[in-house]
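J.: I am sharing run-v8.cif, which consists of mmCIF, C-alpha atoms and all ligand atoms:
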data_model
#
loop_
_atom_site.group_PDB
_atom_site.id
_atom_site.type_symbol
_atom_site.label_atom_id
_atom_site.label_comp_id
_atom_site.auth_asym_id
_atom_site.auth_seq_id
_atom_site.Cartn_x
_atom_site.Cartn_y
_atom_site.Cartn_z
ATOM 1 C CA MET A 454 69.149 129.159 -108.817
ATOM 2 C CA ASN A 455 71.966 126.929 -107.680
ATOM 3 C CA ALA A 456 74.505 128.911 -105.662
ATOM 4 C CA ASN A 457 77.539 127.549 -107.415
ATOM 5 C CA GLU A 458 76.101 127.873 -110.897
ATOM 6 C CA GLU A 459 78.310 129.987 -113.086
ATOM 7 C CA ILE A 460 76.995 133.012 -114.946
ATOM 8 C CA CYS A 461 77.770 133.832 -118.570
ATOM 9 C CA HIS A 462 79.677 137.106 -118.581
ATOM 10 C CA VAL A 463 77.943 138.308 -121.743
ATOM 11 C CA CYS A 464 74.227 137.540 -121.328
ATOM 12 C CA PHE A 465 74.245 136.859 -117.533
ATOM 13 C CA HIS A 466 72.377 133.602 -117.973
ATOM 14 C CA PRO A 467 73.586 130.571 -116.033
ATOM 15 C CA VAL A 468 76.182 128.456 -117.803
ATOM 16 C CA LYS A 469 74.614 124.995 -117.882
ATOM 17 C CA ARG A 470 77.447 123.000 -119.346
ATOM 18 C CA LYS A 471 80.978 124.150 -118.743
ATOM 19 C CA LEU A 472 82.044 124.572 -122.308
ATOM 20 C CA TYR A 473 84.033 127.643 -122.939
ATOM 21 C CA GLU A 474 86.365 130.029 -121.179
ATOM 22 C CA THR A 475 87.881 133.150 -122.722
ATOM 23 C CA SER A 476 91.637 133.703 -122.517
ATOM 24 C CA THR A 477 91.236 135.444 -119.161
ATOM 25 C CA GLY A 478 89.064 132.682 -117.753
ATOM 26 C CA LYS A 479 85.592 134.235 -118.050
ATOM 27 C CA MET A 480 82.735 131.813 -118.678
ATOM 28 C CA LEU A 481 80.438 131.906 -121.686
ATOM 29 C CA CYS A 482 77.163 130.062 -122.276
ATOM 30 C CA VAL A 483 76.717 127.981 -125.427
ATOM 31 C CA ALA A 484 74.825 130.679 -127.318
ATOM 32 C CA CYS A 485 77.363 133.374 -126.503
ATOM 33 C CA MET A 486 80.239 131.053 -127.209
ATOM 34 C CA ARG A 487 78.891 130.638 -130.752
ATOM 35 C CA ARG A 488 78.939 134.390 -131.244
ATOM 36 C CA ASN A 489 81.824 135.195 -128.951
ATOM 37 C CA ARG A 490 82.531 138.823 -129.607
ATOM 38 C CA ASN A 491 85.504 139.231 -127.339
ATOM 39 C CA CYS A 492 88.550 140.734 -128.956
ATOM 40 C CA PHE A 493 90.848 137.797 -129.747
ATOM 41 C CA ALA A 494 93.872 139.785 -128.579
ATOM 42 C CA CYS A 495 92.904 141.703 -125.418
ATOM 43 C CA ASP A 496 89.796 139.677 -124.462
ATOM 44 C CA THR A 497 87.622 142.756 -123.896
ATOM 45 C CA LEU A 498 84.071 142.600 -125.137
ATOM 46 C CA THR A 499 83.909 144.330 -128.510
ATOM 47 C CA VAL A 500 81.226 146.936 -129.064
ATOM 48 C CA LYS A 501 78.557 146.197 -131.613
ATOM 49 C CA ASP A 502 79.116 148.091 -134.889
ATOM 50 C CA LYS A 503 82.659 148.958 -133.884
ATOM 51 C CA ALA A 504 84.124 145.462 -133.871
ATOM 52 C CA LEU A 505 86.101 144.335 -136.851
ATOM 53 C CA ARG A 506 86.307 140.775 -137.942
ATOM 54 C CA PHE A 507 89.071 138.902 -139.688
ATOM 55 C CA SER A 508 88.067 136.531 -142.457
ATOM 56 C CA ASP A 509 89.021 133.627 -140.150
ATOM 57 C CA GLY A 510 86.299 134.610 -137.675
ATOM 58 C CA ARG A 511 88.332 136.458 -135.036
ATOM 59 C CA TYR A 512 86.738 139.583 -133.612
ATOM 60 C CA VAL A 513 89.089 142.425 -132.829
ATOM 61 C CA CYS A 514 88.461 145.656 -130.904
ATOM 62 C CA SER A 515 89.248 148.960 -132.568
ATOM 63 C CA GLU A 516 92.340 149.635 -130.461
ATOM 64 C CA CYS A 517 93.960 146.262 -131.182
ATOM 65 C CA ALA A 518 92.979 146.564 -134.855
ATOM 66 C CA ARG A 519 94.635 149.970 -135.141
ATOM 67 C CA LYS A 520 97.926 148.507 -133.960
ATOM 68 C CA ALA A 521 97.745 145.178 -135.773
ATOM 69 C CA VAL A 522 100.918 143.765 -137.321
ATOM 70 C CA TYR A 523 100.583 142.319 -140.824
ATOM 71 C CA GLU A 524 104.144 142.076 -142.063
ATOM 72 C CA ILE A 525 107.641 141.266 -140.967
ATOM 73 C CA ASN A 526 109.907 144.140 -140.184
ATOM 74 C CA ALA A 527 113.594 143.385 -139.601
ATOM 75 C CA LYS A 528 114.069 146.591 -137.626
ATOM 76 C CA ARG A 529 111.308 145.650 -135.202
ATOM 77 C CA PHE A 530 112.883 142.252 -134.529
ATOM 78 C CA ALA A 531 116.255 143.883 -133.926
ATOM 79 C CA ALA A 532 114.623 146.274 -131.440
ATOM 80 C CA ILE A 533 112.975 143.407 -129.551
ATOM 81 C CA LYS A 534 116.228 141.449 -129.376
ATOM 82 C CA GLY A 535 118.002 144.562 -128.105
ATOM 83 C CA ARG A 536 115.782 144.501 -125.008
ATOM 84 C CA LEU A 537 116.574 140.892 -124.123
ATOM 85 C CA ALA A 538 119.347 139.645 -121.862
ATOM 86 C CA TRP A 539 119.579 136.421 -123.878
ATOM 87 C CA ALA A 540 119.237 135.216 -127.477
ATOM 88 C CA PRO A 541 119.335 131.902 -129.322
ATOM 89 C CA LYS A 542 122.755 131.360 -130.909
ATOM 90 C CA MET A 543 121.551 129.925 -134.203
ATOM 91 C CA PRO A 544 119.827 131.973 -136.923
ATOM 92 C CA VAL A 545 116.074 132.502 -136.645
ATOM 93 C CA LYS A 546 113.675 132.816 -139.550
ATOM 94 C CA PHE A 547 110.418 134.654 -138.837
ATOM 95 C CA LYS A 548 107.153 134.343 -140.665
ATOM 96 C CA ILE A 549 103.721 135.853 -140.145
ATOM 97 C CA VAL A 550 101.036 133.272 -140.773
ATOM 98 C CA SER A 551 97.279 132.793 -140.901
ATOM 99 C CA ARG A 552 95.242 131.134 -138.192
ATOM 100 C CA GLU A 553 94.870 127.973 -140.319
ATOM 101 C CA THR A 554 98.634 127.509 -140.601
ATOM 102 C CA LEU A 555 99.150 127.223 -136.840
ATOM 103 C CA PRO A 556 98.287 123.891 -135.233
ATOM 104 C CA ARG A 557 94.919 123.813 -133.514
ATOM 105 C CA ARG A 558 94.855 123.602 -129.762
ATOM 106 C CA ARG A 559 92.636 121.436 -127.622
ATOM 107 C CA ARG A 560 89.131 122.706 -126.946
ATOM 108 C CA ARG A 561 88.779 125.312 -124.232
ATOM 109 C CA THR A 562 92.387 126.428 -124.483
ATOM 110 C CA PRO A 563 93.272 129.867 -125.801
ATOM 111 C CA LEU A 564 93.927 130.544 -129.463
ATOM 112 C CA ASN A 565 97.388 129.644 -130.702
ATOM 113 C CA PHE A 566 99.408 132.842 -131.236
ATOM 114 C CA GLY A 567 102.594 131.311 -132.609
ATOM 115 C CA GLN A 568 105.021 128.430 -132.776
ATOM 116 C CA SER A 569 108.748 127.783 -132.768
ATOM 117 C CA LYS A 570 110.475 124.890 -134.519
ATOM 118 C CA ALA A 571 114.116 123.858 -134.225
ATOM 119 C CA LEU A 572 115.777 122.460 -137.338
ATOM 120 C CA TYR A 573 118.333 119.726 -136.694
ATOM 121 C CA GLU A 574 121.239 118.218 -138.614
ATOM 122 C CA SER A 575 122.935 114.971 -137.685
ATOM 123 C CA HIS A 576 126.621 115.033 -136.873
ATOM 124 C CA GLY A 577 127.720 111.471 -136.313
ATOM 125 C CA ARG A 578 125.548 110.206 -133.488
ATOM 126 C CA GLN A 579 124.550 113.675 -132.417
ATOM 127 C CA LEU A 580 121.691 115.846 -133.569
ATOM 128 C CA LEU A 581 122.577 119.518 -133.550
ATOM 129 C CA ILE A 582 120.290 122.519 -133.979
ATOM 130 C CA VAL A 583 121.232 124.520 -137.072
ATOM 131 C CA SER A 584 118.440 127.095 -137.147
ATOM 132 C CA HIS A 585 114.967 128.005 -135.895
ATOM 133 C CA GLU A 586 111.701 128.790 -137.618
ATOM 134 C CA ILE A 587 109.231 131.018 -135.827
ATOM 135 C CA GLU A 588 105.678 131.638 -136.979
ATOM 136 C CA ILE A 589 103.495 134.379 -135.499
ATOM 137 C CA LEU A 590 99.755 134.805 -136.004
ATOM 138 C CA ILE A 591 98.791 137.676 -138.301
ATOM 139 C CA GLY A 592 96.964 140.689 -136.879
ATOM 140 C CA LEU A 593 98.234 140.819 -133.283
ATOM 141 C CA PRO A 594 98.483 144.339 -131.829
ATOM 142 C CA VAL A 595 102.123 145.403 -131.890
ATOM 143 C CA VAL A 596 102.916 145.130 -128.139
ATOM 144 C CA LEU A 597 101.346 141.694 -127.886
ATOM 145 C CA PHE A 598 103.016 140.704 -131.153
ATOM 146 C CA GLU A 599 106.385 141.591 -129.610
ATOM 147 C CA ALA A 600 105.582 139.585 -126.486
ATOM 148 C CA ILE A 601 104.720 136.549 -128.628
ATOM 149 C CA VAL A 602 108.017 136.963 -130.501
ATOM 150 C CA VAL A 603 109.755 136.898 -127.093
ATOM 151 C CA HIS A 604 107.763 133.796 -126.113
ATOM 152 C CA GLU A 605 108.724 131.931 -129.310
ATOM 153 C CA LEU A 606 112.348 133.103 -129.165
ATOM 154 C CA PHE A 607 112.528 131.700 -125.656
ATOM 155 C CA HIS A 608 111.380 128.300 -126.931
ATOM 156 C CA ALA A 609 114.332 128.524 -129.356
ATOM 157 C CA TRP A 610 116.693 129.444 -126.521
ATOM 158 C CA LEU A 611 115.408 126.565 -124.368
ATOM 159 C CA HIS A 612 115.742 124.106 -127.261
ATOM 160 C CA GLU A 613 119.398 125.093 -127.622
ATOM 161 C CA ASN A 614 120.150 124.802 -123.914
ATOM 162 C CA PHE A 615 118.066 121.830 -122.791
ATOM 163 C CA ALA A 616 118.041 118.461 -124.551
ATOM 164 C CA VAL A 617 114.670 117.049 -125.605
ATOM 165 C CA GLY A 618 112.798 115.459 -122.714
ATOM 166 C CA ILE A 619 114.415 117.378 -119.854
ATOM 167 C CA MET A 620 111.596 119.880 -119.550
ATOM 168 C CA ASN A 621 107.967 118.906 -119.993
ATOM 169 C CA ARG A 622 105.587 120.926 -122.137
ATOM 170 C CA ASP A 623 103.939 122.736 -119.213
ATOM 171 C CA GLU A 624 107.251 123.823 -117.709
ATOM 172 C CA GLU A 625 108.511 125.055 -121.051
ATOM 173 C CA GLU A 626 105.305 126.948 -121.892
ATOM 174 C CA TRP A 627 105.097 128.505 -118.423
ATOM 175 C CA LEU A 628 108.628 129.858 -118.730
ATOM 176 C CA CYS A 629 108.004 131.223 -122.241
ATOM 177 C CA GLU A 630 104.811 132.985 -121.118
ATOM 178 C CA HIS A 631 106.677 134.310 -118.096
ATOM 179 C CA LEU A 632 109.398 135.858 -120.249
ATOM 180 C CA ALA A 633 106.696 137.376 -122.471
ATOM 181 C CA LEU A 634 105.008 138.829 -119.387
ATOM 182 C CA LEU A 635 108.282 140.297 -118.085
ATOM 183 C CA TYR A 636 108.731 141.888 -121.495
ATOM 184 C CA LEU A 637 105.238 143.448 -121.366
ATOM 185 C CA ARG A 638 105.912 144.777 -117.879
ATOM 186 C CA ALA A 639 109.247 146.256 -118.957
ATOM 187 C CA CYS A 640 107.621 148.173 -121.805
ATOM 188 C CA ARG A 641 104.656 149.183 -119.639
ATOM 189 C CA ALA A 642 102.097 147.522 -121.879
ATOM 190 C CA LYS A 643 98.421 148.194 -121.140
ATOM 191 C CA LYS A 644 96.669 145.990 -118.623
ATOM 192 C CA PRO A 645 94.353 143.962 -120.911
ATOM 193 C CA TRP A 646 97.323 142.629 -122.861
ATOM 194 C CA ARG A 647 99.297 141.832 -119.711
ATOM 195 C CA LYS A 648 96.235 140.081 -118.298
ATOM 196 C CA VAL A 649 95.881 137.909 -121.393
ATOM 197 C CA VAL A 650 99.507 136.751 -121.210
ATOM 198 C CA GLN A 651 99.289 136.224 -117.456
ATOM 199 C CA ALA A 652 96.123 134.119 -117.853
ATOM 200 C CA ARG A 653 97.906 132.081 -120.502
ATOM 201 C CA ARG A 654 100.817 131.501 -118.126
ATOM 202 C CA GLU A 655 98.503 130.361 -115.321
ATOM 203 C CA GLN A 656 96.975 127.585 -117.430
ATOM 204 C CA TYR A 657 100.252 125.642 -117.255
ATOM 205 C CA ARG A 658 101.332 123.579 -114.287
ATOM 206 C CA PHE A 659 104.802 124.475 -113.121
ATOM 207 C CA LYS A 660 105.852 123.313 -109.665
ATOM 208 C CA ARG A 661 108.445 126.038 -109.281
ATOM 209 C CA ALA A 662 106.197 128.874 -110.405
ATOM 210 C CA ASP A 663 106.452 130.741 -107.089
ATOM 211 C CA GLU A 664 110.206 130.551 -107.136
ATOM 212 C CA PHE A 665 110.395 131.947 -110.674
ATOM 213 C CA LYS A 666 107.610 134.537 -110.438
ATOM 214 C CA GLU A 667 109.708 137.014 -108.495
ATOM 215 C CA ARG A 668 112.774 136.711 -110.698
ATOM 216 C CA THR A 669 113.905 139.285 -113.230
ATOM 217 C CA GLN A 670 114.786 138.357 -116.792
ATOM 218 C CA LYS A 671 118.505 138.142 -115.967
ATOM 219 C CA GLN A 672 117.921 136.059 -112.839
ATOM 220 C CA VAL A 673 115.742 133.577 -114.766
ATOM 221 C CA ILE A 674 118.466 133.175 -117.403
ATOM 222 C CA LYS A 675 121.191 132.758 -114.817
ATOM 223 C CA GLN A 676 119.249 130.079 -112.943
ATOM 224 C CA LEU A 677 118.380 128.153 -116.107
ATOM 225 C CA LEU A 678 121.949 128.278 -117.418
ATOM 226 C CA THR A 679 123.192 126.778 -114.139
ATOM 227 C CA GLU A 680 120.634 123.972 -114.457
ATOM 228 C CA ALA A 681 121.484 123.400 -118.132
ATOM 229 C CA ARG A 682 125.174 123.052 -117.255
ATOM 230 C CA LYS A 683 124.381 120.493 -114.537
ATOM 231 C CA ASN A 684 122.198 118.503 -116.950
ATOM 232 C CA ARG A 685 124.961 118.413 -119.544
ATOM 233 C CA LYS A 686 127.502 117.157 -116.997
ATOM 234 C CA ARG A 687 125.149 114.461 -115.809
ATOM 235 C CA ARG A 688 124.546 113.327 -119.378
ATOM 236 C CA ASN A 689 128.251 113.215 -120.203
ATOM 237 C CA ARG A 690 128.834 110.944 -117.246
ATOM 238 C CA CYS A 691 126.509 108.164 -118.362
ATOM 239 C CA PRO A 692 127.297 107.017 -121.901
ATOM 240 C CA THR A 693 123.945 105.812 -123.245
HETATM 241 ZN ZN ZN B 1 75.563 133.970 -122.625
HETATM 242 ZN ZN ZN B 2 91.478 144.248 -128.317
HETATM 243 ZN ZN ZN B 3 104.791 128.290 -126.515
#
Now that the file is in, can you turn its structure into structure tokens?
Ligand SMILES: [Zn+2]
Ligand SMILES: [Zn+2]
Ligand SMILES: [Zn+2]
T.:
Amino acid sequence: MNANEEICHVCFHPVKRKLYETSTGKMLCVACMRRNRNCFACDTLTVKDKALRFSDGRYVCSECARKAVYEINAKRFAAIKGRLAWAPKMPVKFKIVSRETLPRRRRRTPLNFGQSKALYESHGRQLLIVSHEIEILIGLPVVLFEAIVVHELFHAWLHENFAVGIMNRDEEEWLCEHLALLYLRACRAKKPWRKVVQARREQYRFKRADEFKERTQKQVIKQLLTEARKNRKRRNRCPT
């Protein structure tokens, strides 16, 4: 066997074509990819007979299934916001949606857990954000669900503070995953869920990752607000 051949983590056969990686970066062979039985939320291998399956094909382990979130709860959102040192200024509308509603991601990237859209209104020559719409995938275990809410809320916050085009997609996603991870750490979430969010963060290229990794929630906000202020000043100086 070739020394640098990768091994499928389910059947232990060599992975011939690099096709599929789970959300924590484990390799699967083609056959196992087709019947990937890893829990969609915590990425642990589900046990035969105990695994549940959503109608959209996602497998879920019994622990994640027990804590799955199926509806919106205003109290829960208020509790999440209470733990954050920042919040978007404009109103946010939340929705829990099916897997089909969320845009598909490229192949070999983790399942989409949610999305955040800013709604704009034009005021003269300016476009201003008037509200946000956040959609979260149905069936996430509650702690992970909360972390995804934090992730999407941070997109909303970034959209309010940074004009379009200042941050690229990777930078923005890295920061949102980072805030979600800080949230999971603060509420002492179990390791598999933290690992999933951390693996998601690592897939994005962010040059200043090392600088930001050690920062607390408040320090991240402070740094970004300083940068946002500088960007605004620079923009006001050149009338284009
Ligand atoms: Zn396999
Ligand atoms: Zn699970
Ligand atoms: Zn995102």
J.: Any residue with an atom at most 7 Å from ligand ZN 2 (chain B) counts, using all atoms listed in the file. Which are they? Put them as a list in words.
T.: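 Every residue with an atom at most 7 Å from ligand ZN 2 (chain B) is listed here: Cys492, Phe493, Ala494, Cys495, Asp496, Thr497, Val513, Cys514, Ser515, Glu516 and Cys517 of chain A.
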J.: Rank nothing, just name the residue among A:Ala518, A:Leu606, A:Met620, A:Val596 nearest to A:Lys534, using all atoms listed in the file.
T.: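 Result for the nearest residue to A:Lys534: A:Leu606.
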J.: Within 8 Å of ligand ZN 1 (chain B) (counting all atoms listed in the file), which residues show up? I'd like them as a list in words.
T.: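 Final answer, ordered by chain and number: Ile460, Cys461, His462, Val463, Cys464, Phe465, His466, Pro467, Val468, Leu481, Cys482, Val483, Ala484, Cys485 and Met486 of chain A.
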J.: Convert the output of the PyMOL selection byres (((not hetatm)) within 7 of (chain B and resi 3)) on the shown file into explicit residues, formatted as JSON, numbers by chain.
T.: {"A": [568, 604, 605, 608, 626, 629]}
J.: Give me the residues of stretch 516-555 of chain A that have any atom at most 10 Å from an atom of stretch 631-649 of chain A; for each, the nearest atom pair and the distance in Å, rounded to one decimal. Use all atoms listed in the file, sort by chain and number, and format it as a Markdown table.
T.:
| residue | atom | partner | partner_atom | distance |
| --- | --- | --- | --- | --- |
| A:Cys517 | CA | A:Trp646 | CA | 9.7 |
| A:Ile533 | CA | A:Tyr636 | CA | 9.2 |
| A:Arg536 | CA | A:Tyr636 | CA | 8.3 |
| A:Leu537 | CA | A:Tyr636 | CA | 8.3 |
J.: Counting all atoms listed in the file, which residues have an atom no more than 9 Å from (84.3, 137.6, -135.1) in the file's coordinates? Please list them as number ranges by chain.
T.: A: 488-493, 504-513
J.: Mind pulling up the distance from atom CA of A:Arg470 to atom CA of A:Pro556?
T.: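 Atom CA of A:Arg470 lies at a distance of 26.2 Å from atom CA of A:Pro556.
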J.: With a distance cut-off of 9 Å and only C-alpha atoms, select the neighbouring residues of A:Ala521, excluding the residue or stretch itself and same-chain residues fewer than 4 positions from it, and output the selection as a PyMOL selection string.
T.: chain A and resi 516-517+591-595+598
J.: Per residue of stretch 515-634 of chain A within 8 Å of stretch 657-663 of chain A, record the nearest atom pair and its distance in Å to one decimal, counting all atoms listed in the file, with rows in chain order and ascending residue number, as JSON lines.
T.:
{"residue": "A:Asp623", "atom": "CA", "partner": "A:Tyr657", "partner_atom": "CA", "distance": 5.1}
{"residue": "A:Glu624", "atom": "CA", "partner": "A:Phe659", "partner_atom": "CA", "distance": 5.2}
{"residue": "A:Glu626", "atom": "CA", "partner": "A:Tyr657", "partner_atom": "CA", "distance": 7.0}
{"residue": "A:Trp627", "atom": "CA", "partner": "A:Tyr657", "partner_atom": "CA", "distance": 5.7}
J.: Can you list what the PyMOL selection byres (((chain A and resi 614) around 9) and not hetatm) grabs from this structure, as a ChimeraX atom specification?
T.: /A:541,609-613,615-616,677-678,681-682
J.: Mind dumping the selected residues with C-alpha atoms as a PDB file, in the coordinates of the input?
T.:
ATOM      1  CA  PRO A 541     119.335 131.902-129.322  1.00  0.00           C
ATOM      2  CA  ALA A 609     114.332 128.524-129.356  1.00  0.00           C
ATOM      3  CA  TRP A 610     116.693 129.444-126.521  1.00  0.00           C
ATOM      4  CA  LEU A 611     115.408 126.565-124.368  1.00  0.00           C
ATOM      5  CA  HIS A 612     115.742 124.106-127.261  1.00  0.00           C
ATOM      6  CA  GLU A 613     119.398 125.093-127.622  1.00  0.00           C
ATOM      7  CA  PHE A 615     118.066 121.830-122.791  1.00  0.00           C
ATOM      8  CA  ALA A 616     118.041 118.461-124.551  1.00  0.00           C
ATOM      9  CA  LEU A 677     118.380 128.153-116.107  1.00  0.00           C
ATOM     10  CA  LEU A 678     121.949 128.278-117.418  1.00  0.00           C
ATOM     11  CA  ALA A 681     121.484 123.400-118.132  1.00  0.00           C
ATOM     12  CA  ARG A 682     125.174 123.052-117.255  1.00  0.00           C
TER      13      ARG A 682
END
J.: Given all atoms listed in the file as the basis, pick out the residue of A:Pro563, A:Glu630, A:Ala571, A:Lys546 nearest to A:Ile589.
T.: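 Closest candidate: A:Lys546.
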J.: Padding 3 Å on every side, please: axis-aligned box over the listed atoms of stretch 627-638 of chain A, centre and edge lengths to one decimal in Å, as AutoDock Vina command-line options.
T.:
--center_x 107.1 --center_y 136.6 --center_z -120.2 --size_x 10.6 --size_y 22.3 --size_z 10.6
J.: Just to confirm, what's the straight-line distance from atom CA of A:Leu564 to atom CA of A:Leu597 in Å (one decimal)?
T.: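 Between atom CA of A:Leu564 and atom CA of A:Leu597 the gap works out to 13.5 Å.
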